[in-house]
Amino acid sequence: MQHHYDVQVCLDVKTPMRDGVQLSADIYLPKATGPFPTVLLRTPYSNNLEDLITKSRRLANQGYACVVQDVRGRWDSDGTYYPFHQEGADGFDTQQWIGRQPWSDGKIGMTGGSYLGCVQWLSAPHRSEHLTCICPQVMCNDYYRGLFYPGGAFQLNVLMTWGMRTSAHTAQSIAQHHWTEAFRTLPISEMIEQNGGNMPFWQDWMEHRTDDEYWEAINGEKQYEQIAVPALIMGGWYDLYASDTFDNFVGMRERGGTPQARQSKLIVGPWPHRLSRCTCVGDIDFGAHSMIDLEGWEIRWFDHWLKGVDNGITTEPPLRLFIMGTGQWRDEDEWPLARTDWQSWYLHSQGHANTLRGDGRLSRQAPDEESPDEFVYDPQHPVQTVGGNNCCSPEIVPWGPYDQRGVEMRTDVLCYTSEPFDDDFEVTGQIQLTLFAASDGPDTDWTAKLVDVFPSGYAMNLCDGILRARFRESLSQPQLIEPGAVLEYTIHLGVVGNVFRRGHSLRVEISSSNFPRFDRNLNTGGDLVTETRIRVAHQTIHHTRQFPSQLKLPVVPRR
């Protein structure tokens, strides 16, 4: 039987950390005889936000104590804010403090998305005996690869906008910045200072451009074995952490430190970073079925793990996916899907794949001898980001699916398109492009995008990726390229769950920039942090018997 309790609130309760710093928490308690299981949320965005207050009251209504804490150095909490690195210890200390309170029954669940998700992943390996389950949403665990430097390129838009907004003790408005020009500031090391910001950790992010010990200290992907509690993970196909949510799911299912941890689950919908807020994302209305009650799932999770309610959630399939193109949800048992038919789709042209009107083709037939495609990449005129897996300021750089035809009319964008499908064609899984390419300089970038082309010509972006040439073999030991040499590049485009409907075509775009989502490669081979010189690069894409550039597609047989 579900009880509904009145709520009492205790504001600005000080929580001591091991170094004496006091963090501030607002505590919502059921007006009833305790003790209660506790749900903990830790945030840098203020525990006084209306949606957090509403959520906390709702949890207390249902018999949970709810603790909402400002992280170190933010809002009502003391200390100095420094993203990510301090959250593991502070989260553990908070959990230990909660476990000692008279209103606590000793069991703690955590929830929240984005930074509120990272504090869960970072604290879980510390193994507080009180932490019982977590519900992390839209967050990575490998911060170098997942957030800061995907493919070795700096994820400029999110880090500059989110960083400037959260760099002070309270929120900073970024609405008045001339962002089109701000993103182009050189050198990148002075980007914050030249645009009126004050972000001390920016220089640390600049100094650690390779995957080194700075990132190793917070790399949760190497600590799944240390996590003893199950995770209900939530993500979106258009979230910047789409791939990472699957990595976390697989990591917990295969390497979680206890049988309970290996009962983790994942839900992924056609959503951006804010998850299930609206049926419309970007240009597309995914339909009424695309929205689900994620908070209801969360309550079921907590009821089972914190209250011992036998509600069947652990006996249901661990993976729930919304398959775009069908408008339907589907349950699965594993990732990647066991029935996946991994297919190679090869790039073809007669040397003129530039723009969507070119002769670039995509087919399962391996190439013979074909002329290479060429384009010029000028960092002064980079390819603009139009939608995609962006965060966290859609008013500055939009997120989600948008028509890519404007981008595809640029001569520095190569388009390879399949014939229209005779039947529905499902692609669900990780997308990878093997590219044989040459540049006339010592460094450059390679970008790729997967697109669903409608019979009308509308080109809907599905996922995309980037690889900085100097990081082609290692993210920790960069190596410049030999100008003119044909090299093999493996570009990870992310994940997708999409049915290309009958009459639709599949397209891959290839270029050398996706700006301002990623910083521009200036093509000089110089220091990425201090370089101000700009060099135009001449790029060549090969697709021959010797150099068979190809997409690796996870094709799922239609039932």
# chains A, B, ... in the order shown; residues from 1 in each chain; ligands from 1
>>> residues_around(residues="Ile188 (chain A)", least_positions_apart="4", cutoff="9 Å", atoms="only C-alpha atoms", output="PDB file with C-alpha atoms, in the first residue's frame")
ATOM      1  CA  PHE A 183      34.000  30.472 -30.238  1.00  0.00           C
ATOM      2  CA  ARG A 184      36.564  31.676 -32.803  1.00  0.00           C
ATOM      3  CA  ILE A 192      37.728  32.549 -21.536  1.00  0.00           C
ATOM      4  CA  MET A 206      44.130  23.043 -21.756  1.00  0.00           C
ATOM      5  CA  ASP A 519      37.278  23.286 -31.719  1.00  0.00           C
ATOM      6  CA  LEU A 528      46.851  23.005 -29.849  1.00  0.00           C
ATOM      7  CA  VAL A 529      46.588  25.385 -26.893  1.00  0.00           C
ATOM      8  CA  THR A 530      48.723  28.331 -28.012  1.00  0.00           C
ATOM      9  CA  GLU A 531      48.540  28.164 -31.811  1.00  0.00           C
ATOM     10  CA  THR A 532      47.149  31.201 -33.640  1.00  0.00           C
TER      11      THR A 532
END
>>> select_by_dssp(residues="region 333-502 of chain A", states="helix (DSSP H, G or I)", output="ChimeraX atom specification")
/A:405-408,469-471
>>> residues_around(residues="Asn48 (chain A)", least_positions_apart="4", cutoff="10 Å", atoms="only C-alpha atoms", output="ChimeraX atom specification")
/A:11,25-26,52-53,68-70,75-76
>>> closest_residue(among="A:Leu40, A:Val397, A:Val119, A:Leu467", to="Tyr489 (chain A)", atoms="only C-alpha atoms")
A:Leu467
>>> atom_distance(atom1="CA of Gln22 (chain A)", atom2="CA of Gln96 (chain A)")
14.3 Å
>>> closest_residue(among="A:Pro187, A:Pro136, A:Pro367, A:Gly163", to="Gln120 (chain A)", atoms="only C-alpha atoms")
A:Pro136
>>> closest_residue(among="A:Met139, A:Phe471, A:Val486, A:Glu509", to="Leu450 (chain A)", atoms="only C-alpha atoms")
A:Glu509
>>> closest_residue(among="A:Ile227, A:Ala89, A:Leu49, A:Leu433", to="Met17 (chain A)", atoms="only C-alpha atoms")
A:Ala89
>>> residues_around(residues="Cys280 (chain A)", least_positions_apart="6", cutoff="10 Å", atoms="only C-alpha atoms", output="ChimeraX atom specification")
/A:270-271,286-288,290-291,400-401
>>> residues_around(residues="Ala469 (chain A)", least_positions_apart="4", cutoff="9 Å", atoms="only C-alpha atoms", output="list in words")
Gly151, Gly152, Pro442, Asp443, Thr444, Asp445, Trp446, Glu473, Pro478, Gln479, Leu480, Ile481 and Tyr489 of chain A
>>> residues_around(residues="region 406-421 of chain A", least_positions_apart="3", cutoff="10 Å", atoms="only C-alpha atoms", output="PyMOL selection string")
chain A and resi 345-349+352-364+373-378+381-386+403+424-425+447-455+459+500-513+538-539+541
>>> atom_distance(atom1="CA of Pro516 (chain A)", atom2="CA of Pro394 (chain A)")
12.4 Å
>>> residues_around(residues="Thr54 (chain A)", least_positions_apart="6", cutoff="12 Å", atoms="only C-alpha atoms", output="CSV table (one decimal) with all heavy atoms, in the first residue's frame")
chain,number,residue,atom,x,y,z
A,7,VAL,N,4.9,16.8,4.5
A,7,VAL,CA,6.4,17.0,4.4
A,7,VAL,C,6.9,18.1,5.4
A,7,VAL,O,6.2,19.1,5.5
A,7,VAL,CB,6.8,17.4,3.0
A,7,VAL,CG1,8.3,17.5,2.9
A,7,VAL,CG2,6.3,16.3,2.0
A,28,TYR,N,14.2,17.1,3.1
A,28,TYR,CA,12.8,16.9,3.1
A,28,TYR,C,12.4,15.6,3.8
A,28,TYR,O,12.9,14.5,3.3
A,28,TYR,CB,12.3,16.9,1.7
A,28,TYR,CG,12.6,18.2,0.9
A,28,TYR,CD1,13.9,18.5,0.5
A,28,TYR,CD2,11.6,19.2,0.8
A,28,TYR,CE1,14.2,19.7,-0.2
A,28,TYR,CE2,11.9,20.4,0.1
A,28,TYR,CZ,13.2,20.7,-0.3
A,28,TYR,OH,13.5,21.8,-1.0
A,47,ASN,N,20.3,23.9,-4.9
A,47,ASN,CA,19.3,23.0,-4.4
A,47,ASN,C,18.0,23.8,-4.2
A,47,ASN,O,17.0,23.2,-3.7
A,47,ASN,CB,19.8,22.3,-3.1
A,47,ASN,CG,20.0,23.3,-2.0
A,47,ASN,OD1,19.8,24.5,-2.1
A,47,ASN,ND2,20.6,22.8,-0.9
A,48,ASN,N,17.9,25.0,-4.6
A,48,ASN,CA,16.7,25.8,-4.5
A,48,ASN,C,15.9,25.9,-5.8
A,48,ASN,O,15.0,26.7,-5.8
A,48,ASN,CB,17.0,27.2,-3.9
A,48,ASN,CG,15.9,27.9,-3.3
A,48,ASN,OD1,15.0,27.2,-2.6
A,48,ASN,ND2,15.8,29.2,-3.4
A,60,ALA,N,9.4,12.7,-0.5
A,60,ALA,CA,9.0,12.7,0.9
A,60,ALA,C,7.5,12.3,1.0
A,60,ALA,O,7.2,11.6,2.0
A,60,ALA,CB,9.3,14.1,1.5
A,61,ASN,N,6.7,12.7,0.1
A,61,ASN,CA,5.3,12.3,0.1
A,61,ASN,C,5.1,10.8,0.1
A,61,ASN,O,4.2,10.2,0.7
A,61,ASN,CB,4.5,12.8,-1.1
A,61,ASN,CG,4.2,14.3,-1.1
A,61,ASN,OD1,4.1,15.0,-2.1
A,61,ASN,ND2,4.1,14.9,0.1
A,66,CYS,N,14.6,13.0,1.7
A,66,CYS,CA,15.3,13.5,0.5
A,66,CYS,C,16.3,14.5,0.9
A,66,CYS,O,15.9,15.5,1.5
A,66,CYS,CB,14.3,14.0,-0.6
A,66,CYS,SG,15.0,14.3,-2.2
A,68,VAL,N,19.0,17.2,-0.6
A,68,VAL,CA,19.5,17.9,-1.8
A,68,VAL,C,20.6,18.9,-1.4
A,68,VAL,O,20.4,19.8,-0.7
A,68,VAL,CB,18.3,18.7,-2.5
A,68,VAL,CG1,18.8,19.1,-3.9
A,68,VAL,CG2,17.1,17.9,-2.5
>>> atom_distance(atom1="CA of Trp399 (chain A)", atom2="CA of Ala242 (chain A)")
12.9 Å
>>> closest_residue(among="A:Thr166, A:Gln226, A:Asn514, A:Gln137", to="Glu298 (chain A)", atoms="only C-alpha atoms")
A:Gln137
>>> closest_residue(among="A:Arg468, A:Lys552, A:His130, A:His3", to="Gln62 (chain A)", atoms="only C-alpha atoms")
A:His3
